[in-house]
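Input: a single structure, listed below in structure tokens.
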Amino acid sequence: MGDFTVRPARSADVRGIQALLEPFVQRRILLGKDLVVLYEAVQQFLVAEDEHGTLIGCGALHVMWEDLGEVRTLIVSDDWLHHGVGRALVEGLEASAQALGLSRLFCLTFEVEFFTRRGFAPIGEQVVDQDVYSQLVRSPDEGVAEFLDLAHVKPNTLGNTRMLKVL
């Protein structure tokens, strides 16, 4: 394995991000996202590329509330697992979160050990107070619903662990 770099995603990366996502969608590990949704979210993404410019990983930071963001769509291609790509992406997303003034990061994941090593811990039901909950519950965003543990997203969250890190 050679070197890799992490940088903000560009619109030209979106089809590559979708290609990274697709095998995980097939295995029902991640939810599929339409191209238009990925283009709309491109500013949330960091990508990792190898020295040839091939995308080998991605991750997104989604702002949920004044102090709260979510690490989403964190993917590293199989060939590059255990080479520090995921760690570099999470560190970049954490830096973005801090630059935005966020103090907590949420993730919904099967990769509990990876996120535990990054300082995340499993959370229970109530992680926001009632008035914030009543605002968040208005969001049409599925990830926000997953964070709130709403009943209608339960099939998407089966087997996943809800985790939180205080920055």
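Identifiers in this document derive from the order of the structure tokens: chains are assigned A, B, ..., residues are numbered from 1 separately in each chain, and ligands are numbered from 1 in order of occurrence.
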
For region 73-77 of chain A, find every residue with an atom within 9 Å (counting only C-alpha atoms), except residues of its own chain fewer than 5 positions away, and show them as a ChimeraX atom specification. /A:17,20-21,24,30-31,45,48,55-61,85-86,89-90

Check the DSSP output for the backbone and give back, as a ChimeraX atom specification, the residues of region 30-152 of chain A in strand (DSSP E or B). /A:45-50,55-65,68-76,104-109,121-122

Distance query Arg138 (chain A) at most 12 Å, only C-alpha atoms, self and fewer than 6 positions along chain excluded, as a ChimeraX atom specification: /A:64,131-132,144-145,148,150

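Counting only C-alpha atoms, Val128 (chain A) has the following residues at most 12 Å away, ignoring those fewer than 4 positions along the same chain: Met64, Trp65, Glu66, Asp67, Leu68, Arg104, Phe106, Ile123, Gly124, Val132, Tyr133, Ser134, Gln135, Leu136, Val137, Val144, Phe147, Leu148, Asp149 and Leu164 of chain A.
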
All alpha helix (DSSP H) residues (DSSP, backbone) inside region 21-94 of chain A, as number ranges by chain: A: 21-26, 35-40, 85-94

Please write the residues from the selection above to a file, keeping N, CA, C and O atoms, as a short mmCIF file (atom, residue, chain, number, x, y, z; two decimals), in the first residue's frame.
data_model
loop_
_atom_site.label_atom_id
_atom_site.label_comp_id
_atom_site.auth_asym_id
_atom_site.auth_seq_id
_atom_site.Cartn_x
_atom_site.Cartn_y
_atom_site.Cartn_z
N LEU A 21 -20.11 3.18 -1.93
CA LEU A 21 -21.28 2.88 -1.11
C LEU A 21 -21.99 1.60 -1.54
O LEU A 21 -22.49 0.83 -0.70
N GLU A 22 -22.01 1.35 -2.84
CA GLU A 22 -22.87 0.32 -3.42
C GLU A 22 -22.70 -1.08 -2.81
O GLU A 22 -23.70 -1.72 -2.46
N PRO A 23 -21.47 -1.59 -2.64
CA PRO A 23 -21.34 -2.94 -2.06
C PRO A 23 -21.93 -3.04 -0.66
O PRO A 23 -22.46 -4.08 -0.28
N PHE A 24 -21.86 -1.94 0.10
CA PHE A 24 -22.40 -1.94 1.47
C PHE A 24 -23.92 -1.87 1.45
O PHE A 24 -24.59 -2.40 2.34
N VAL A 25 -24.47 -1.20 0.44
CA VAL A 25 -25.92 -1.17 0.26
C VAL A 25 -26.41 -2.58 -0.08
O VAL A 25 -27.39 -3.07 0.48
N GLN A 26 -25.68 -3.25 -0.99
CA GLN A 26 -26.04 -4.62 -1.38
C GLN A 26 -26.04 -5.55 -0.17
O GLN A 26 -26.88 -6.43 -0.06
N LEU A 35 -28.14 9.55 -6.26
CA LEU A 35 -27.10 10.48 -6.69
C LEU A 35 -27.42 11.91 -6.31
O LEU A 35 -26.56 12.65 -5.84
N VAL A 36 -28.68 12.31 -6.49
CA VAL A 36 -29.03 13.70 -6.20
C VAL A 36 -28.80 14.03 -4.73
O VAL A 36 -28.35 15.12 -4.38
N VAL A 37 -29.06 13.06 -3.85
CA VAL A 37 -28.86 13.26 -2.41
C VAL A 37 -27.37 13.42 -2.12
O VAL A 37 -26.96 14.27 -1.32
N LEU A 38 -26.54 12.62 -2.79
CA LEU A 38 -25.09 12.73 -2.60
C LEU A 38 -24.57 14.07 -3.11
O LEU A 38 -23.73 14.69 -2.47
N TYR A 39 -25.07 14.52 -4.27
CA TYR A 39 -24.64 15.84 -4.77
C TYR A 39 -25.02 16.93 -3.78
O TYR A 39 -24.23 17.83 -3.50
N GLU A 40 -26.23 16.83 -3.23
CA GLU A 40 -26.69 17.85 -2.28
C GLU A 40 -25.85 17.86 -1.02
O GLU A 40 -25.73 18.89 -0.36
N VAL A 85 -6.87 4.65 7.07
CA VAL A 85 -7.74 5.51 6.25
C VAL A 85 -8.97 5.94 7.05
O VAL A 85 -9.32 7.13 7.09
N GLY A 86 -9.63 4.98 7.70
CA GLY A 86 -10.81 5.31 8.50
C GLY A 86 -10.48 6.28 9.61
O GLY A 86 -11.21 7.26 9.84
N ARG A 87 -9.36 6.04 10.28
CA ARG A 87 -8.93 6.94 11.36
C ARG A 87 -8.71 8.35 10.82
O ARG A 87 -9.16 9.33 11.41
N ALA A 88 -8.02 8.46 9.67
CA ALA A 88 -7.74 9.78 9.09
C ALA A 88 -9.04 10.49 8.70
O ALA A 88 -9.17 11.71 8.89
N LEU A 89 -9.99 9.75 8.17
CA LEU A 89 -11.27 10.35 7.80
C LEU A 89 -12.01 10.85 9.05
O LEU A 89 -12.51 11.98 9.07
N VAL A 90 -12.06 10.03 10.10
CA VAL A 90 -12.76 10.44 11.32
C VAL A 90 -12.08 11.65 11.95
O VAL A 90 -12.74 12.60 12.37
N GLU A 91 -10.75 11.65 11.95
CA GLU A 91 -10.04 12.82 12.51
C GLU A 91 -10.36 14.08 11.71
O GLU A 91 -10.55 15.16 12.28
N GLY A 92 -10.42 13.96 10.40
CA GLY A 92 -10.78 15.11 9.56
C GLY A 92 -12.19 15.59 9.82
O GLY A 92 -12.46 16.79 9.88
N LEU A 93 -13.12 14.64 9.98
CA LEU A 93 -14.51 15.00 10.26
C LEU A 93 -14.64 15.64 11.65
O LEU A 93 -15.41 16.59 11.82
N GLU A 94 -13.86 15.15 12.61
CA GLU A 94 -13.87 15.76 13.95
C GLU A 94 -13.35 17.20 13.89
O GLU A 94 -13.89 18.09 14.55
#

So which one's closest to Gln43 (chain A), A:Val14, A:Ala19, A:Leu167, A:Ala95? Using only C-alpha atoms, please.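 For Gln43 (chain A), the nearest of the candidates is A:Val14.
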
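Minimum distance to Thr116 (chain A) across A:Lys165, A:Gln130, A:Val71, A:Ile29 (counting only C-alpha atoms) occurs at A:Lys165.
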
Give the answer as one residue: which of A:Asp129, A:Asp79, A:Asp3, A:Glu146 has the shortest atom-to-atom distance to His52 (chain A), using only C-alpha atoms?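 Result for the nearest residue to His52 (chain A): A:Asp3.
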
Proximity to Thr161 (chain A) - best of A:Val42, A:Ala12, A:Ala121, A:Val6, only C-alpha atoms: A:Ala121

Using only C-alpha atoms, which residues sit within 9 Å of Thr109 (chain A) once same-chain residues fewer than 5 positions away are excluded, as a count of residues only? 8
